[in-house]
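Engineer: entry.pdb is reproduced below (PDB, C-alpha atoms).
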ATOM      1  CA  ASN G   1       0.000   0.000   0.000  1.00  0.00           C
ATOM      2  CA  ALA G   2       2.373   2.688  -1.269  1.00  0.00           C
ATOM      3  CA  GLY G   3      -0.230   5.489  -1.505  1.00  0.00           C
ATOM      4  CA  VAL G   4       1.426   8.635  -2.904  1.00  0.00           C
ATOM      5  CA  THR G   5       5.150   8.421  -3.631  1.00  0.00           C
ATOM      6  CA  GLN G   6       7.235  11.546  -4.109  1.00  0.00           C
ATOM      7  CA  THR G   7      10.844  11.680  -5.232  1.00  0.00           C
ATOM      8  CA  PRO G   8      13.309  13.033  -4.372  1.00  0.00           C
ATOM      9  CA  LYS G   9      12.901  13.828  -0.658  1.00  0.00           C
ATOM     10  CA  PHE G  10      15.595  16.512  -0.722  1.00  0.00           C
ATOM     11  CA  GLN G  11      17.131  18.534  -3.543  1.00  0.00           C
ATOM     12  CA  VAL G  12      19.504  21.474  -3.870  1.00  0.00           C
ATOM     13  CA  LEU G  13      19.482  23.401  -7.147  1.00  0.00           C
ATOM     14  CA  LYS G  14      21.430  26.315  -8.475  1.00  0.00           C
ATOM     15  CA  THR G  15      19.552  29.336  -9.762  1.00  0.00           C
ATOM     16  CA  GLY G  16      18.541  28.771 -13.369  1.00  0.00           C
ATOM     17  CA  GLN G  17      18.664  24.992 -13.275  1.00  0.00           C
ATOM     18  CA  SER G  18      15.628  22.928 -14.173  1.00  0.00           C
ATOM     19  CA  MET G  19      14.341  19.751 -12.572  1.00  0.00           C
ATOM     20  CA  THR G  20      11.307  17.518 -12.247  1.00  0.00           C
ATOM     21  CA  LEU G  21       9.672  16.447  -9.012  1.00  0.00           C
ATOM     22  CA  GLN G  22       8.052  13.067  -9.411  1.00  0.00           C
ATOM     23  CA  CYS G  23       4.690  12.025  -7.976  1.00  0.00           C
ATOM     24  CA  ALA G  24       3.026   8.639  -8.387  1.00  0.00           C
ATOM     25  CA  GLN G  25      -0.085   7.158  -6.776  1.00  0.00           C
ATOM     26  CA  ASP G  26      -1.385   3.605  -6.855  1.00  0.00           C
ATOM     27  CA  MET G  27      -4.933   4.222  -5.617  1.00  0.00           C
ATOM     28  CA  ASN G  28      -6.472   4.934  -9.037  1.00  0.00           C
ATOM     29  CA  HIS G  29      -7.304   8.474  -7.910  1.00  0.00           C
ATOM     30  CA  GLU G  30      -8.602  10.803 -10.568  1.00  0.00           C
ATOM     31  CA  TYR G  31      -7.541  13.999  -8.815  1.00  0.00           C
ATOM     32  CA  MET G  32      -3.880  14.902  -8.291  1.00  0.00           C
ATOM     33  CA  SER G  33      -2.319  18.162  -7.228  1.00  0.00           C
ATOM     34  CA  TRP G  34       0.868  19.933  -6.189  1.00  0.00           C
ATOM     35  CA  TYR G  35       1.201  22.278  -3.201  1.00  0.00           C
ATOM     36  CA  ARG G  36       4.046  24.282  -1.803  1.00  0.00           C
ATOM     37  CA  GLN G  37       4.459  24.931   1.902  1.00  0.00           C
ATOM     38  CA  ASP G  38       6.282  28.001   3.129  1.00  0.00           C
ATOM     39  CA  PRO G  39       6.712  29.050   6.781  1.00  0.00           C
ATOM     40  CA  GLY G  40       3.618  30.790   8.111  1.00  0.00           C
ATOM     41  CA  MET G  41       1.763  30.394   4.808  1.00  0.00           C
ATOM     42  CA  GLY G  42       0.042  27.035   5.066  1.00  0.00           C
ATOM     43  CA  LEU G  43      -0.082  25.068   1.820  1.00  0.00           C
ATOM     44  CA  ARG G  44      -0.767  26.793  -1.489  1.00  0.00           C
ATOM     45  CA  LEU G  45      -1.943  25.081  -4.653  1.00  0.00           C
ATOM     46  CA  ILE G  46       0.386  25.186  -7.664  1.00  0.00           C
ATOM     47  CA  HIS G  47      -1.309  22.980 -10.294  1.00  0.00           C
ATOM     48  CA  TYR G  48      -3.904  20.251 -10.310  1.00  0.00           C
ATOM     49  CA  SER G  49      -5.455  17.613 -12.546  1.00  0.00           C
ATOM     50  CA  VAL G  50      -8.817  15.831 -12.538  1.00  0.00           C
ATOM     51  CA  GLY G  51      -7.753  13.126 -14.978  1.00  0.00           C
ATOM     52  CA  ALA G  52      -5.263  12.096 -17.631  1.00  0.00           C
ATOM     53  CA  GLY G  53      -4.760  14.850 -20.183  1.00  0.00           C
ATOM     54  CA  ILE G  54      -6.429  17.512 -18.004  1.00  0.00           C
ATOM     55  CA  THR G  55      -4.476  20.058 -15.965  1.00  0.00           C
ATOM     56  CA  ASP G  56      -5.194  23.485 -14.561  1.00  0.00           C
ATOM     57  CA  GLN G  57      -3.486  26.240 -12.604  1.00  0.00           C
ATOM     58  CA  GLY G  58      -3.838  26.850  -8.915  1.00  0.00           C
ATOM     59  CA  GLU G  59      -2.988  29.858  -6.790  1.00  0.00           C
ATOM     60  CA  VAL G  60       0.780  30.032  -7.461  1.00  0.00           C
ATOM     61  CA  PRO G  61       1.529  28.471 -10.886  1.00  0.00           C
ATOM     62  CA  ASN G  62       4.257  30.783 -12.186  1.00  0.00           C
ATOM     63  CA  GLY G  63       7.580  29.047 -12.822  1.00  0.00           C
ATOM     64  CA  TYR G  64       6.071  25.561 -12.771  1.00  0.00           C
ATOM     65  CA  ASN G  65       4.784  23.210 -15.432  1.00  0.00           C
ATOM     66  CA  VAL G  66       2.798  19.959 -15.188  1.00  0.00           C
ATOM     67  CA  SER G  67       1.444  17.230 -17.417  1.00  0.00           C
ATOM     68  CA  ARG G  68      -0.745  14.184 -16.777  1.00  0.00           C
ATOM     69  CA  SER G  69      -0.215  11.479 -19.357  1.00  0.00           C
ATOM     70  CA  THR G  70      -1.344   8.623 -17.085  1.00  0.00           C
ATOM     71  CA  THR G  71      -3.711   8.331 -14.119  1.00  0.00           C
ATOM     72  CA  GLU G  72      -0.820   7.312 -11.855  1.00  0.00           C
ATOM     73  CA  ASP G  73       1.789  10.013 -12.507  1.00  0.00           C
ATOM     74  CA  PHE G  74       1.784  13.788 -12.115  1.00  0.00           C
ATOM     75  CA  PRO G  75       5.281  15.305 -12.403  1.00  0.00           C
ATOM     76  CA  LEU G  76       6.031  18.929 -11.514  1.00  0.00           C
ATOM     77  CA  ARG G  77       8.664  20.705 -13.593  1.00  0.00           C
ATOM     78  CA  LEU G  78      10.633  23.718 -12.456  1.00  0.00           C
ATOM     79  CA  LEU G  79      11.633  25.460 -15.643  1.00  0.00           C
ATOM     80  CA  SER G  80      14.364  27.815 -14.364  1.00  0.00           C
ATOM     81  CA  ALA G  81      14.785  27.583 -10.609  1.00  0.00           C
ATOM     82  CA  ALA G  82      14.774  30.769  -8.535  1.00  0.00           C
ATOM     83  CA  PRO G  83      15.522  31.277  -4.813  1.00  0.00           C
ATOM     84  CA  SER G  84      11.825  32.164  -4.336  1.00  0.00           C
ATOM     85  CA  GLN G  85      11.022  28.541  -5.184  1.00  0.00           C
ATOM     86  CA  THR G  86      12.836  27.307  -2.088  1.00  0.00           C
ATOM     87  CA  SER G  87      10.050  25.466  -0.295  1.00  0.00           C
ATOM     88  CA  VAL G  88       8.618  22.101   0.693  1.00  0.00           C
ATOM     89  CA  TYR G  89       6.529  20.577  -2.083  1.00  0.00           C
ATOM     90  CA  PHE G  90       3.686  18.138  -1.551  1.00  0.00           C
ATOM     91  CA  CYS G  91       1.799  16.022  -4.016  1.00  0.00           C
ATOM     92  CA  ALA G  92      -1.748  15.009  -3.054  1.00  0.00           C
ATOM     93  CA  SER G  93      -4.389  12.809  -4.632  1.00  0.00           C
ATOM     94  CA  SER G  94      -8.030  11.990  -4.088  1.00  0.00           C
ATOM     95  CA  SER G  95     -10.898  10.089  -5.589  1.00  0.00           C
ATOM     96  CA  LEU G  96     -13.492  12.387  -7.086  1.00  0.00           C
ATOM     97  CA  ASP G  97     -15.958  11.598  -4.303  1.00  0.00           C
ATOM     98  CA  ARG G  98     -13.304  12.439  -1.670  1.00  0.00           C
ATOM     99  CA  ALA G  99     -14.604   9.544   0.388  1.00  0.00           C
ATOM    100  CA  TYR G 100     -11.279   9.243   2.194  1.00  0.00           C
ATOM    101  CA  GLY G 101     -10.086  12.810   1.894  1.00  0.00           C
ATOM    102  CA  TYR G 102      -6.845  13.729   0.194  1.00  0.00           C
ATOM    103  CA  THR G 103      -3.738  11.533   0.515  1.00  0.00           C
ATOM    104  CA  PHE G 104      -0.408  13.354   0.621  1.00  0.00           C
ATOM    105  CA  GLY G 105       3.070  12.282  -0.314  1.00  0.00           C
ATOM    106  CA  SER G 106       5.908  12.697   2.165  1.00  0.00           C
ATOM    107  CA  GLY G 107       7.117  15.937   0.591  1.00  0.00           C
ATOM    108  CA  THR G 108      10.228  17.241  -1.169  1.00  0.00           C
ATOM    109  CA  ARG G 109      12.400  19.856   0.479  1.00  0.00           C
ATOM    110  CA  LEU G 110      13.852  21.995  -2.314  1.00  0.00           C
ATOM    111  CA  THR G 111      16.563  24.588  -1.789  1.00  0.00           C
ATOM    112  CA  VAL G 112      17.564  26.936  -4.615  1.00  0.00           C
ATOM    113  CA  VAL G 113      20.888  28.690  -4.104  1.00  0.00           C
TER     114      VAL G 113
ATOM    115  CA  ALA F 114     -11.987  33.210  -3.383  1.00  0.00           C
ATOM    116  CA  GLN F 115     -12.416  30.965  -0.403  1.00  0.00           C
ATOM    117  CA  THR F 116     -10.375  31.725   2.681  1.00  0.00           C
ATOM    118  CA  VAL F 117      -9.644  29.650   5.754  1.00  0.00           C
ATOM    119  CA  THR F 118      -8.622  31.322   9.003  1.00  0.00           C
ATOM    120  CA  GLN F 119      -6.964  29.691  11.979  1.00  0.00           C
ATOM    121  CA  SER F 120      -6.767  32.401  14.605  1.00  0.00           C
ATOM    122  CA  GLN F 121      -4.488  30.550  17.049  1.00  0.00           C
ATOM    123  CA  PRO F 122      -0.905  30.317  15.748  1.00  0.00           C
ATOM    124  CA  GLU F 123       0.147  28.334  18.825  1.00  0.00           C
ATOM    125  CA  MET F 124      -1.615  26.448  21.585  1.00  0.00           C
ATOM    126  CA  SER F 125      -0.593  24.191  24.435  1.00  0.00           C
ATOM    127  CA  VAL F 126      -2.409  21.553  26.449  1.00  0.00           C
ATOM    128  CA  GLN F 127      -1.573  19.388  29.427  1.00  0.00           C
ATOM    129  CA  GLU F 128      -1.328  15.687  28.766  1.00  0.00           C
ATOM    130  CA  ALA F 129      -4.714  13.958  29.262  1.00  0.00           C
ATOM    131  CA  GLU F 130      -6.596  17.268  29.019  1.00  0.00           C
ATOM    132  CA  THR F 131      -8.865  18.519  26.230  1.00  0.00           C
ATOM    133  CA  VAL F 132      -8.022  21.230  23.722  1.00  0.00           C
ATOM    134  CA  THR F 133     -10.031  22.900  20.956  1.00  0.00           C
ATOM    135  CA  LEU F 134      -8.485  24.359  17.816  1.00  0.00           C
ATOM    136  CA  SER F 135     -10.486  27.000  15.947  1.00  0.00           C
ATOM    137  CA  CYS F 136     -11.116  27.352  12.230  1.00  0.00           C
ATOM    138  CA  THR F 137     -13.409  29.647  10.274  1.00  0.00           C
ATOM    139  CA  TYR F 138     -13.895  29.799   6.542  1.00  0.00           C
ATOM    140  CA  ASP F 139     -15.528  31.960   3.957  1.00  0.00           C
ATOM    141  CA  THR F 140     -17.522  30.495   1.086  1.00  0.00           C
ATOM    142  CA  SER F 141     -20.627  31.045  -1.000  1.00  0.00           C
ATOM    143  CA  GLU F 142     -20.958  27.335  -1.777  1.00  0.00           C
ATOM    144  CA  SER F 143     -23.600  25.177  -0.117  1.00  0.00           C
ATOM    145  CA  ASP F 144     -21.906  21.822  -0.681  1.00  0.00           C
ATOM    146  CA  TYR F 145     -18.291  21.374   0.345  1.00  0.00           C
ATOM    147  CA  TYR F 146     -15.885  19.401   2.491  1.00  0.00           C
ATOM    148  CA  LEU F 147     -13.829  20.389   5.506  1.00  0.00           C
ATOM    149  CA  PHE F 148     -10.736  18.642   6.787  1.00  0.00           C
ATOM    150  CA  TRP F 149      -8.277  18.728   9.628  1.00  0.00           C
ATOM    151  CA  TYR F 150      -4.745  17.582   8.846  1.00  0.00           C
ATOM    152  CA  LYS F 151      -1.947  16.900  11.312  1.00  0.00           C
ATOM    153  CA  GLN F 152       1.673  17.561  10.383  1.00  0.00           C
ATOM    154  CA  PRO F 153       4.202  16.182  12.907  1.00  0.00           C
ATOM    155  CA  PRO F 154       7.911  17.043  12.681  1.00  0.00           C
ATOM    156  CA  SER F 155       8.284  14.214  10.154  1.00  0.00           C
ATOM    157  CA  ARG F 156       6.526  16.566   7.690  1.00  0.00           C
ATOM    158  CA  GLN F 157       3.949  13.973   6.663  1.00  0.00           C
ATOM    159  CA  MET F 158       0.400  15.345   6.203  1.00  0.00           C
ATOM    160  CA  ILE F 159      -1.998  13.038   8.030  1.00  0.00           C
ATOM    161  CA  LEU F 160      -5.765  13.273   7.678  1.00  0.00           C
ATOM    162  CA  VAL F 161      -7.335  13.585  11.132  1.00  0.00           C
ATOM    163  CA  ILE F 162     -10.990  14.071  10.330  1.00  0.00           C
ATOM    164  CA  ARG F 163     -13.313  14.884   7.439  1.00  0.00           C
ATOM    165  CA  GLN F 164     -16.709  16.591   7.401  1.00  0.00           C
ATOM    166  CA  GLU F 165     -19.213  16.892   4.571  1.00  0.00           C
ATOM    167  CA  ALA F 166     -21.152  20.142   4.725  1.00  0.00           C
ATOM    168  CA  TYR F 167     -24.523  18.571   3.939  1.00  0.00           C
ATOM    169  CA  LYS F 168     -24.245  16.290   6.979  1.00  0.00           C
ATOM    170  CA  GLN F 169     -25.452  17.965  10.146  1.00  0.00           C
ATOM    171  CA  GLN F 170     -23.903  15.359  12.403  1.00  0.00           C
ATOM    172  CA  ASN F 171     -20.443  16.269  13.645  1.00  0.00           C
ATOM    173  CA  ALA F 172     -17.693  13.890  12.572  1.00  0.00           C
ATOM    174  CA  THR F 173     -15.730  11.955  15.195  1.00  0.00           C
ATOM    175  CA  GLU F 174     -12.641   9.782  15.004  1.00  0.00           C
ATOM    176  CA  ASN F 175     -11.699   8.239  18.342  1.00  0.00           C
ATOM    177  CA  ARG F 176     -10.343  11.119  20.504  1.00  0.00           C
ATOM    178  CA  PHE F 177     -10.886  13.681  17.751  1.00  0.00           C
ATOM    179  CA  SER F 178     -14.201  15.384  17.107  1.00  0.00           C
ATOM    180  CA  VAL F 179     -15.389  18.510  15.362  1.00  0.00           C
ATOM    181  CA  ASN F 180     -17.934  21.189  16.101  1.00  0.00           C
ATOM    182  CA  PHE F 181     -19.298  22.117  12.683  1.00  0.00           C
ATOM    183  CA  GLN F 182     -21.451  25.245  12.640  1.00  0.00           C
ATOM    184  CA  LYS F 183     -22.449  25.735   8.996  1.00  0.00           C
ATOM    185  CA  ALA F 184     -24.306  29.012   9.440  1.00  0.00           C
ATOM    186  CA  ALA F 185     -21.395  30.505  11.371  1.00  0.00           C
ATOM    187  CA  LYS F 186     -18.861  28.940   8.940  1.00  0.00           C
ATOM    188  CA  SER F 187     -16.956  27.501  11.850  1.00  0.00           C
ATOM    189  CA  PHE F 188     -15.182  24.138  12.051  1.00  0.00           C
ATOM    190  CA  SER F 189     -13.322  23.589  15.317  1.00  0.00           C
ATOM    191  CA  LEU F 190     -11.356  20.476  16.272  1.00  0.00           C
ATOM    192  CA  LYS F 191     -11.541  19.023  19.773  1.00  0.00           C
ATOM    193  CA  ILE F 192      -8.824  16.673  20.962  1.00  0.00           C
ATOM    194  CA  SER F 193      -9.753  14.734  24.094  1.00  0.00           C
ATOM    195  CA  ASP F 194      -7.325  12.966  26.451  1.00  0.00           C
ATOM    196  CA  SER F 195      -4.366  14.659  24.753  1.00  0.00           C
ATOM    197  CA  GLN F 196      -1.264  12.540  24.247  1.00  0.00           C
ATOM    198  CA  LEU F 197       2.358  13.471  23.657  1.00  0.00           C
ATOM    199  CA  GLY F 198       2.031  12.151  20.110  1.00  0.00           C
ATOM    200  CA  ASP F 199      -0.636  14.762  19.380  1.00  0.00           C
ATOM    201  CA  ALA F 200       2.017  17.497  19.358  1.00  0.00           C
ATOM    202  CA  ALA F 201       2.145  18.783  15.780  1.00  0.00           C
ATOM    203  CA  MET F 202       0.995  21.479  13.388  1.00  0.00           C
ATOM    204  CA  TYR F 203      -2.703  21.228  12.635  1.00  0.00           C
ATOM    205  CA  PHE F 204      -4.151  22.568   9.410  1.00  0.00           C
ATOM    206  CA  CYS F 205      -7.777  23.225   8.633  1.00  0.00           C
ATOM    207  CA  ALA F 206      -8.680  22.856   4.947  1.00  0.00           C
ATOM    208  CA  TYR F 207     -11.701  23.529   2.740  1.00  0.00           C
ATOM    209  CA  GLY F 208     -12.578  21.823  -0.536  1.00  0.00           C
ATOM    210  CA  ALA F 209     -15.533  22.350  -2.863  1.00  0.00           C
ATOM    211  CA  GLY F 210     -16.586  21.276  -6.353  1.00  0.00           C
ATOM    212  CA  SER F 211     -13.334  22.258  -8.047  1.00  0.00           C
ATOM    213  CA  TYR F 212     -11.393  19.794  -5.850  1.00  0.00           C
ATOM    214  CA  GLN F 213      -8.883  22.455  -4.898  1.00  0.00           C
ATOM    215  CA  LEU F 214      -8.008  22.516  -1.213  1.00  0.00           C
ATOM    216  CA  THR F 215      -7.617  25.840   0.569  1.00  0.00           C
ATOM    217  CA  PHE F 216      -5.604  25.649   3.785  1.00  0.00           C
ATOM    218  CA  GLY F 217      -5.391  27.806   6.857  1.00  0.00           C
ATOM    219  CA  LYS F 218      -1.960  28.856   8.085  1.00  0.00           C
ATOM    220  CA  GLY F 219      -1.925  26.269  10.832  1.00  0.00           C
ATOM    221  CA  THR F 220      -1.902  25.976  14.616  1.00  0.00           C
ATOM    222  CA  LYS F 221       1.131  24.598  16.403  1.00  0.00           C
ATOM    223  CA  LEU F 222      -0.004  22.386  19.281  1.00  0.00           C
ATOM    224  CA  SER F 223       2.339  21.565  22.137  1.00  0.00           C
ATOM    225  CA  VAL F 224       1.507  18.859  24.693  1.00  0.00           C
ATOM    226  CA  ILE F 225       2.927  19.357  28.177  1.00  0.00           C
ATOM    227  CA  PRO F 226       3.751  16.177  30.120  1.00  0.00           C
TER     228      PRO F 226
END
Could you show the structure in this file as structure tokens?

Structural biologist:
Amino acid sequence: NAGVTQTPKFQVLKTGQSMTLQCAQDMNHEYMSWYRQDPGMGLRLIHYSVGAGITDQGEVPNGYNVSRSTTEDFPLRLLSAAPSQTSVYFCASSSLDRAYGYTFGSGTRLTVV
Amino acid sequence: AQTVTQSQPEMSVQEAETVTLSCTYDTSESDYYLFWYKQPPSRQMILVIRQEAYKQQNATENRFSVNFQKAAKSFSLKISDSQLGDAAMYFCAYGAGSYQLTFGKGTKLSVIP
């Protein structure tokens, strides 16, 4: 029962580098999303998807890109990393009826220097 | 846009006592979901309790219960018989038809032995 798997757990990037945060779920959830958590700010939605081939922007989408080619995977791409993107990133998934709420991955701590 | 407010940045409780964490939200929707998530130092987001707005009965999960006041847009969490393992950040979250979750900024709960 893996649930939501995020990789990597930690990452340090230099300004201007690009990278992809991976997210995979094995619960056949239709809904997947990415959040960032900054001190004193709670969690803020970056992008989300309600099914394969469908994505949309959340509250803070600038500098990030997503795609959803399969139900299981929802990678988050940082196009050109900036220090303002230093944060903890969470992937979350849910069935459309939200019968069991939203399941979160264990998070990725990203530092951009 | 929906907002979620947690007015208590920090709280403390004696072990075995009861504590209530406050949450208010703003919405024009009539059908929605409310959640409490626990985030211990491990960073993992753990679902504590879930409430559907159309259900008048307050949700309970063992030592955790909510006081859901729909007209007042209030959703407080009561923790009974507090344990050392309850020490964590607690986030209140709102979700409606778009599946996006809006989080409060969190309440840090300390448990005093």

Engineer: Give me, as a list in words, all polymer residues having an atom no more than 10 Å from Pro83 of chain G, counting all atoms listed in the file and skipping those fewer than 2 positions away in the same chain.

Structural biologist: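 Near neighbours after the sequence-gap exclusion: Leu13, Lys14, Thr15, Gly16, Ala81, Gln85, Thr86, Ser87, Leu110, Thr111, Val112 and Val113 of chain G.
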
Engineer: Give as a tab-separated table (two decimals) with C-alpha atoms, in the frame of the given file the residues that the PyMOL selection byres ((chain G) within 8 of (chain F)) matches when applied to the coordinates above.

Structural biologist:
chain	number	residue	atom	x	y	z
G	31	TYR	CA	-7.54	14.00	-8.82
G	40	GLY	CA	3.62	30.79	8.11
G	41	MET	CA	1.76	30.39	4.81
G	42	GLY	CA	0.04	27.04	5.07
G	43	LEU	CA	-0.08	25.07	1.82
G	44	ARG	CA	-0.77	26.79	-1.49
G	45	LEU	CA	-1.94	25.08	-4.65
G	48	TYR	CA	-3.90	20.25	-10.31
G	58	GLY	CA	-3.84	26.85	-8.91
G	96	LEU	CA	-13.49	12.39	-7.09
G	100	TYR	CA	-11.28	9.24	2.19
G	101	GLY	CA	-10.09	12.81	1.89
G	102	TYR	CA	-6.84	13.73	0.19
G	103	THR	CA	-3.74	11.53	0.52
G	104	PHE	CA	-0.41	13.35	0.62
G	105	GLY	CA	3.07	12.28	-0.31
G	106	SER	CA	5.91	12.70	2.16
G	107	GLY	CA	7.12	15.94	0.59

Engineer: Do you know which residues are at most 7 Å from Ser69 of chain G counting all atoms listed in the file, after dropping those on the same chain fewer than 2 positions away, and could you put them as a ChimeraX atom specification?

Structural biologist: /G:52-53,67

Engineer: What gap, in Å, lies between atom CA of Glu72 of chain G and atom CA of Met202 of chain F?

Structural biologist: 29.0 Å

Engineer: Measure the distance from atom CA of Ser135 of chain F to atom CA of Glu174 of chain F in Å and round it to one decimal.

Structural biologist: 17.4 Å

Engineer: Could you write out as lines of an AutoDock Vina configuration file the box around segment 155-158 of chain F (axis-aligned, all atoms listed in the file, 6 Å on each side), with centre and edge lengths in Å to one decimal?

Structural biologist:
center_x = 4.3
center_y = 15.3
center_z = 8.2
size_x = 19.9
size_y = 14.6
size_z = 16.0

Engineer: Could you check how far atom CA of Lys191 of chain F sits from atom CA of Ser93 of chain G, in Å to one decimal?

Structural biologist: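 Between atom CA of Lys191 of chain F and atom CA of Ser93 of chain G the gap works out to 26.2 Å.
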
Engineer: Suppose a student applies the PyMOL selection byres ((chain F and resi 178-184) around 12) to this structure; what residues should they get, written as a PyMOL selection string?

Structural biologist: chain F and resi 131-149+161-177+185-194+205

Engineer: My list of candidates is G:His29, G:Met19, G:Ser94, G:Tyr89. Which is closest to Thr108 of chain G when distances are computed with only C-alpha atoms?

Structural biologist: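 Of G:His29, G:Met19, G:Ser94, G:Tyr89, the one nearest Thr108 of chain G is G:Tyr89, counting only C-alpha atoms.
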